[in-house]
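Here is data_6.txt, consisting of compact mmCIF, C-alpha atoms:
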# COMPACT_ATOMS: atom_id res chain seq x y z
CA MET A 1 -47.04 22.09 -27.88
CA THR A 2 -43.46 22.98 -26.92
CA MET A 3 -41.38 20.03 -25.67
CA ASN A 4 -39.72 20.57 -22.29
CA PRO A 5 -35.89 20.68 -22.20
CA ASN A 6 -35.58 17.27 -20.54
CA SER A 7 -37.69 15.58 -23.21
CA GLU A 8 -35.73 17.42 -25.90
CA TYR A 9 -32.50 16.05 -24.48
CA GLU A 10 -33.97 12.54 -24.39
CA LYS A 11 -35.02 12.83 -28.05
CA PHE A 12 -31.57 14.19 -28.92
CA THR A 13 -30.01 11.16 -27.21
CA GLN A 14 -32.36 8.84 -29.10
CA GLU A 15 -31.38 10.43 -32.43
CA VAL A 16 -27.67 10.11 -31.67
CA TYR A 17 -27.86 6.45 -30.66
CA GLN A 18 -30.17 5.68 -33.58
CA GLY A 19 -27.48 7.08 -35.86
CA LEU A 20 -24.82 5.00 -34.15
CA VAL A 21 -26.69 1.73 -34.48
CA ASP A 22 -27.68 2.52 -38.08
CA ALA A 23 -23.99 2.86 -38.90
CA ASP A 24 -23.08 -0.39 -37.15
CA THR A 25 -23.19 -3.89 -38.57
CA VAL A 26 -25.17 -5.45 -35.72
CA ARG A 27 -28.79 -6.32 -36.22
CA THR A 28 -30.84 -3.83 -34.26
CA THR A 29 -34.39 -2.65 -33.72
CA VAL A 30 -35.38 1.01 -33.83
CA VAL A 31 -34.16 2.95 -30.83
CA LYS A 32 -37.21 3.98 -28.80
CA HIS A 33 -37.95 6.96 -26.60
CA ASN A 34 -39.93 6.90 -23.33
CA VAL A 35 -40.49 3.17 -22.90
CA LYS A 36 -42.17 1.40 -19.93
CA LEU A 37 -40.57 -1.86 -18.77
CA ALA A 38 -41.88 -4.18 -16.07
CA GLY A 39 -39.33 -5.21 -13.47
CA LYS A 40 -38.91 -8.53 -11.66
CA SER A 41 -40.68 -6.97 -8.69
CA GLY A 42 -43.73 -6.17 -10.81
CA GLN A 43 -42.88 -2.48 -10.66
CA GLU A 44 -43.09 -0.61 -13.99
CA HIS A 45 -40.09 1.55 -14.85
CA GLN A 46 -39.96 4.49 -17.25
CA ILE A 47 -36.89 4.29 -19.53
CA ASP A 48 -35.82 7.46 -21.32
CA VAL A 49 -34.24 5.69 -24.33
CA TYR A 50 -34.33 1.93 -24.97
CA TRP A 51 -33.02 -0.30 -27.73
CA GLU A 52 -32.30 -3.93 -28.45
CA TYR A 53 -29.74 -5.41 -30.80
CA GLU A 54 -28.52 -8.88 -31.69
CA ILE A 55 -24.96 -10.27 -31.67
CA ALA A 56 -24.35 -13.88 -32.73
CA GLY A 57 -28.05 -14.57 -32.29
CA VAL A 58 -28.10 -13.27 -28.71
CA SER A 59 -30.43 -10.37 -27.93
CA GLN A 60 -28.86 -7.45 -26.06
CA LYS A 61 -30.95 -4.86 -24.21
CA VAL A 62 -29.85 -1.36 -23.23
CA ALA A 63 -31.59 1.25 -21.09
CA ILE A 64 -30.32 4.82 -21.37
CA GLU A 65 -30.97 7.28 -18.54
CA CYS A 66 -30.77 10.94 -19.63
CA LYS A 67 -29.79 13.71 -17.20
CA ASN A 68 -30.14 17.15 -18.77
CA TYR A 69 -27.99 18.75 -16.07
CA ASN A 70 -25.79 21.84 -16.20
CA LYS A 71 -23.72 20.47 -13.34
CA GLU A 72 -22.02 17.17 -12.53
CA VAL A 73 -24.32 14.23 -11.80
CA PRO A 74 -24.02 13.10 -8.15
CA ILE A 75 -23.64 9.51 -6.99
CA GLY A 76 -27.26 9.37 -5.82
CA LYS A 77 -28.62 9.57 -9.37
CA VAL A 78 -26.33 6.76 -10.54
CA ARG A 79 -27.34 4.69 -7.51
CA ASP A 80 -31.04 5.22 -8.34
CA PHE A 81 -30.42 4.08 -11.92
CA TYR A 82 -28.60 0.99 -10.64
CA GLY A 83 -31.69 0.16 -8.60
CA VAL A 84 -33.84 0.25 -11.75
CA LEU A 85 -31.36 -1.92 -13.69
CA SER A 86 -31.23 -4.45 -10.87
CA ASP A 87 -35.00 -4.90 -11.11
CA LEU A 88 -34.94 -5.47 -14.89
CA ASN A 89 -34.09 -8.67 -16.72
CA ASN A 90 -30.60 -8.58 -18.27
CA VAL A 91 -30.68 -4.93 -19.30
CA ALA A 92 -27.40 -3.00 -19.56
CA GLY A 93 -27.32 0.60 -18.47
CA ILE A 94 -25.96 3.80 -19.98
CA MET A 95 -26.33 7.20 -18.36
CA VAL A 96 -25.80 10.37 -20.41
CA THR A 97 -25.49 13.96 -19.30
CA LYS A 98 -24.10 17.24 -20.67
CA VAL A 99 -21.45 18.28 -18.14
CA GLY A 100 -20.03 15.26 -16.34
CA TYR A 101 -20.13 13.21 -13.15
CA GLN A 102 -18.86 13.57 -9.63
CA GLN A 103 -15.95 11.29 -8.73
CA GLY A 104 -18.07 9.12 -6.44
CA ALA A 105 -20.61 8.59 -9.23
CA LYS A 106 -17.83 7.41 -11.56
CA LYS A 107 -16.47 4.92 -9.04
CA PHE A 108 -19.93 3.54 -8.28
CA ALA A 109 -20.80 3.16 -11.97
CA ALA A 110 -17.47 1.49 -12.82
CA HIS A 111 -17.94 -1.02 -9.97
CA HIS A 112 -21.47 -1.94 -11.08
CA GLY A 113 -20.85 -1.98 -14.84
CA ILE A 114 -22.84 1.13 -15.72
CA THR A 115 -21.52 3.11 -18.68
CA LEU A 116 -21.32 6.89 -18.14
CA LYS A 117 -21.35 9.18 -21.16
CA GLU A 118 -21.24 12.91 -21.73
CA LEU A 119 -23.41 13.91 -24.68
CA ARG A 120 -23.85 17.44 -25.98
CA THR A 121 -23.61 19.64 -29.01
CA PRO A 122 -20.15 21.13 -29.69
CA ASN A 123 -19.42 24.69 -28.59
CA LYS A 124 -17.96 27.17 -31.06
CA GLY A 125 -14.20 26.90 -31.09
CA GLU A 126 -13.85 23.83 -28.87
CA GLY A 127 -14.16 21.36 -31.71
CA ILE A 128 -11.15 22.49 -33.73
CA ILE A 129 -10.10 19.18 -35.24
CA GLY A 130 -7.57 20.51 -37.70
CA GLU A 131 -5.94 23.55 -39.24
CA ILE A 132 -4.82 24.17 -42.80
CA GLU A 133 -2.08 26.71 -43.41
CA LEU A 134 -2.14 28.24 -46.88
CA SER A 135 0.88 30.18 -48.17
CA PHE A 136 0.86 32.21 -51.37
CA ASN A 137 3.62 33.74 -53.46
CA ILE A 138 2.07 36.67 -55.32
CA ALA A 139 3.88 38.90 -57.81
CA ILE A 140 2.20 42.25 -58.43
CA ARG A 141 3.03 44.86 -61.10
CA HIS A 142 1.70 48.36 -60.43
CA CYS A 143 1.22 51.10 -63.01
CA LEU A 144 1.45 54.52 -61.34
CA PHE A 145 1.25 58.03 -62.75
CA GLY A 146 3.20 61.14 -61.88
CA VAL A 147 0.48 63.76 -62.32
CA ASP A 148 1.41 67.38 -63.13
CA GLU A 149 0.39 68.95 -59.80
CA LYS A 150 0.21 72.56 -61.08
CA TRP A 151 -1.90 71.51 -64.05
CA ALA A 152 -4.22 69.50 -61.78
CA ASN A 153 -4.69 72.40 -59.34
CA SER A 154 -5.44 74.83 -62.14
CA HIS A 155 -8.09 72.45 -63.48
CA GLY A 156 -9.84 71.92 -60.13
CA ILE A 157 -8.62 68.36 -59.50
CA ASP A 158 -8.13 67.70 -55.79
CA LEU A 159 -5.21 65.29 -55.85
CA GLN A 160 -4.68 65.45 -52.09
CA GLY A 161 -8.30 64.48 -51.47
CA TYR A 162 -7.83 61.62 -53.92
CA ARG A 163 -4.71 60.49 -52.05
CA GLN A 164 -6.75 60.49 -48.82
CA PHE A 165 -9.37 58.36 -50.56
CA LEU A 166 -6.68 55.85 -51.60
CA ASP A 167 -5.36 55.68 -48.02
CA ASN A 168 -8.87 55.03 -46.72
CA LEU A 169 -9.24 52.15 -49.16
CA ASN A 170 -5.85 50.79 -48.16
CA SER A 171 -6.78 50.82 -44.45
CA MET A 172 -9.77 48.55 -45.16
CA ARG A 173 -7.67 45.75 -46.63
CA TRP A 174 -7.76 42.43 -44.83
CA PRO A 175 -5.47 41.17 -43.57
CA PRO A 176 -3.93 44.62 -42.96
CA LYS A 177 -0.70 45.07 -44.87
CA GLU A 178 0.25 48.71 -44.52
CA THR A 179 0.41 50.92 -41.47
CA GLY A 180 0.39 54.69 -41.75
CA LEU A 181 -0.43 56.66 -44.90
CA LYS A 182 0.82 54.99 -48.06
CA TRP A 183 -0.36 57.59 -50.58
CA HIS A 184 -0.37 60.81 -48.53
CA ASN A 185 2.99 62.03 -49.84
CA ALA A 186 3.29 59.76 -52.87
CA THR A 187 4.64 61.37 -56.05
CA HIS A 188 3.11 58.64 -58.21
CA ILE A 189 -0.45 57.40 -57.74
CA PRO A 190 -2.77 54.90 -59.42
CA LEU A 191 -5.36 56.35 -61.79
CA GLU A 192 -8.44 54.69 -63.22
CA ALA A 193 -7.62 55.11 -66.89
CA ARG A 194 -10.51 54.66 -69.28
CA ASP A 195 -8.20 53.32 -71.95
CA SER A 196 -4.52 52.50 -72.35
CA LYS A 197 -3.70 55.38 -74.71
CA ILE A 198 -1.37 58.27 -73.87
CA ARG A 199 -2.06 61.42 -75.91
CA ASP A 200 -0.31 64.73 -76.44
CA GLY A 201 -1.92 68.13 -76.03
CA LYS A 202 -3.34 67.89 -79.58
CA GLY A 203 -5.02 64.55 -78.87
CA GLN A 204 -2.58 62.52 -80.89
CA ILE A 205 -1.68 59.08 -79.52
CA ILE A 206 2.00 59.06 -78.62
CA ALA A 207 2.16 55.77 -76.72
CA THR A 208 0.09 53.06 -75.05
CA LEU A 209 0.50 51.37 -71.70
CA GLU A 210 1.00 48.06 -73.50
CA GLU A 211 3.90 49.56 -75.46
CA LEU A 212 5.47 50.84 -72.27
CA GLU A 213 5.21 47.41 -70.67
CA ASP A 214 6.92 45.87 -73.69
CA LYS A 215 9.79 48.32 -73.18
CA LEU A 216 10.40 47.34 -69.57
CA PRO A 217 13.97 46.05 -69.13
CA ASP A 218 14.56 42.32 -68.82
CA ASN A 219 15.79 42.74 -65.25
CA PHE A 220 12.76 44.80 -64.23
CA GLU A 221 11.77 42.33 -61.51
CA GLU A 222 15.19 42.74 -59.91
CA MET A 223 15.09 46.55 -60.27
CA THR A 224 11.56 46.60 -58.74
CA GLU A 225 10.69 49.87 -60.56
CA HIS A 226 11.14 51.70 -63.86
CA THR A 227 9.96 55.16 -64.97
CA PHE A 228 9.04 56.63 -68.38
CA ASP A 229 9.23 60.44 -68.72
CA PHE A 230 6.87 62.63 -70.77
CA GLN A 231 6.88 66.34 -71.67
CA ASP A 232 3.36 66.76 -73.02
CA ALA A 233 1.20 63.75 -72.21
CA TYR A 234 -2.34 63.06 -71.04
CA VAL A 235 -4.34 60.00 -69.95
CA ASN A 236 -8.12 59.70 -70.05
CA THR A 237 -9.54 59.24 -66.51
CA CYS A 238 -12.78 59.74 -64.60
CA TRP A 239 -11.85 63.43 -64.47
CA GLY A 240 -11.33 63.51 -68.22
CA LEU A 241 -7.86 64.09 -69.69
CA VAL A 242 -5.21 64.48 -66.97
CA LYS A 243 -1.72 65.74 -67.67
CA ILE A 244 1.08 63.46 -66.53
CA LYS A 245 4.84 63.81 -66.30
CA GLU A 246 5.76 60.18 -65.73
CA VAL A 247 4.49 56.63 -65.83
CA LYS A 248 6.15 54.44 -63.23
CA TYR A 249 5.96 50.65 -63.10
CA THR A 250 6.73 49.01 -59.77
CA TYR A 251 7.11 45.34 -58.96
CA GLU A 252 6.53 43.72 -55.58
CA THR A 253 6.03 40.26 -54.17
CA GLU A 254 3.74 39.28 -51.34
CA ASN A 255 3.84 36.09 -49.30
CA PRO A 256 0.59 36.09 -47.33
CA THR A 257 -0.22 33.18 -45.06
CA SER A 258 -3.72 32.20 -44.01
CA VAL A 259 -4.72 29.60 -41.41
CA ILE A 260 -8.10 27.94 -41.83
CA ALA A 261 -9.44 26.20 -38.73
CA ILE A 262 -11.75 23.22 -39.23
CA ASP A 263 -14.34 23.56 -36.47
CA ALA A 264 -16.33 20.46 -35.61
CA GLN A 265 -19.38 22.60 -34.87
CA ASP A 266 -19.76 23.27 -38.58
CA PHE A 267 -20.48 19.63 -39.42
CA ILE A 268 -20.69 17.71 -36.13
CA LYS A 269 -24.07 17.09 -34.53
CA ALA A 270 -22.85 15.89 -31.15
CA ILE A 271 -19.84 15.05 -29.02
CA LEU A 272 -20.14 11.72 -27.19
CA LYS A 273 -17.49 11.21 -24.53
CA ASP A 274 -16.91 8.24 -22.25
CA ALA A 275 -16.72 9.72 -18.74
CA ILE A 276 -14.45 6.92 -17.49
CA SER A 277 -11.96 6.37 -20.34
CA GLY A 278 -12.17 9.83 -21.86
CA GLU A 279 -12.68 8.41 -25.35
CA ILE A 280 -14.48 10.90 -27.63
CA LYS A 281 -16.70 10.12 -30.61
CA LEU A 282 -17.81 12.87 -32.98
CA ILE A 283 -21.30 12.34 -34.39
CA PRO A 284 -21.66 13.93 -37.87
CA LYS A 285 -24.72 15.87 -38.98
CA ASN A 286 -27.20 14.42 -41.44
CA VAL A 287 -25.31 11.24 -42.17
CA ASP A 288 -27.39 8.17 -42.92
CA ASN A 289 -25.37 4.98 -43.32
CA ARG A 290 -28.26 2.58 -43.54
CA PRO A 291 -28.19 0.26 -46.57
Go ahead and express the file in the form of structure tokens.
Amino acid sequence: MTMNPNSEYEKFTQEVYQGLVDADTVRTTVVKHNVKLAGKSGQEHQIDVYWEYEIAGVSQKVAIECKNYNKEVPIGKVRDFYGVLSDLNNVAGIMVTKVGYQQGAKKFAAHHGITLKELRTPNKGEGIIGEIELSFNIAIRHCLFGVDEKWANSHGIDLQGYRQFLDNLNSMRWPPKETGLKWHNATHIPLEARDSKIRDGKGQIIATLEELEDKLPDNFEEMTEHTFDFQDAYVNTCWGLVKIKEVKYTYETENPTSVIAIDAQDFIKAILKDAISGEIKLIPKNVDNRP
């Protein structure tokens, strides 16, 4: 059978206060839900959540009245609860609700010693309890190829379509770095080489990418780019051997910054706020501090 929303809120309150007393050092009994207590008048009162604990050998009793309201609790409800407490024997009172209390209800409760609490689950984004800013210093070396355009066209390789493909990939980066078309008019483009060898028209190896990197000048990082020229050179790609005129190495640095927000909703079960003082307690999920 499905529990009605009011009973669910009462059970939620019971779980929260059970967790609080389990984490405390006072000697306590199990927090109970839906308890009947006899008043001094002989009238029986239904208590939503009830618990007893002991301090210095003295038993303390607390009745918790739950109001599963989506609006502020009016003074009349607090006054009714005060009437129940007055009929009980030395029982303190706590009222909990989700939204808050009207001003008159707060004044009445403060005068008669009734604690008012707001108890609810955190909403997404409201429980940001911290932010971590991460900064990175990234150095990137690119190996780009100056493809022989006439050779490519005569061999059915659509370099312009490939450039469009590269721009589409670039636009999907996150966070976005480039605006506009980075590769549309580029003279040098990245190629997916199947190996690092550079061959001549006869298939003889005339260089390797590793050898070219070893030949980069010592001040390459300050120059930011360096180019090697070839007359008759090919690299092995997904299209097969592709004729190139140049191999260009470029160097760039990036300093991306990322902010990570720590949202209480991710690990907080409930927010318990004192309606009078404004003090807030965050109740963690699945934490059992009992010995």
Counting all atoms listed in the file, the residue of A:Leu282, A:Ala207, A:Ala92, A:Ile276 that sits nearest Lys107 of chain A: A:Ile276
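We find atom CA of Leu119 of chain A and atom CA of Leu88 of chain A to be spaced 24.6 Å apart.
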Selection near Gln43 of chain A, 10 Å with only C-alpha atoms, sequence-local residues under 2 positions removed, as a list in words: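 Contacts, in chain order: Leu37, Ala38, Gly39, Lys40, Ser41, His45, Val84, Asp87 and Leu88 of chain A.
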Protein and nucleic acid residues near (-25.5, 17.4, -34.0) (cut-off 8 Å, only C-alpha atoms) as a ChimeraX atom specification: /A:16,121-122,267-271,283-285
Two-atom distance - atom CA of Ile280 of chain A, atom CA of Arg120 of chain A (Å):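 So the two atoms, atom CA of Ile280 of chain A and atom CA of Arg120 of chain A, lie 11.5 Å apart.
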Given all atoms listed in the file as the counted atoms, nearest of A:Glu279, A:Glu44, A:Glu252, A:Asp167 to Thr224 of chain A: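 Checking each candidate against Thr224 of chain A, we get A:Glu252 as the closest.
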Surrounding residues of segment 197-199 of chain A excluding itself and chain neighbours under 5 positions, 10 Å, all atoms listed in the file, as a VMD selection string: chain A and resid 204 to 211 230 232 to 236 241 to 244
Surrounding residues of Gln103 of chain A excluding itself and chain neighbours under 4 positions, 12 Å, all atoms listed in the file, as a PyMOL selection string: chain A and resi 72-76+78+107-110+116+275-276
Atom CA of Thr187 of chain A to atom CA of Leu144 of chain A, distance in Å rounded to a single decimal: 9.2 Å
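Closest approach to Met223 of chain A among A:Met95, A:Cys66, A:Tyr249, A:Cys238: A:Tyr249, based on all atoms listed in the file.
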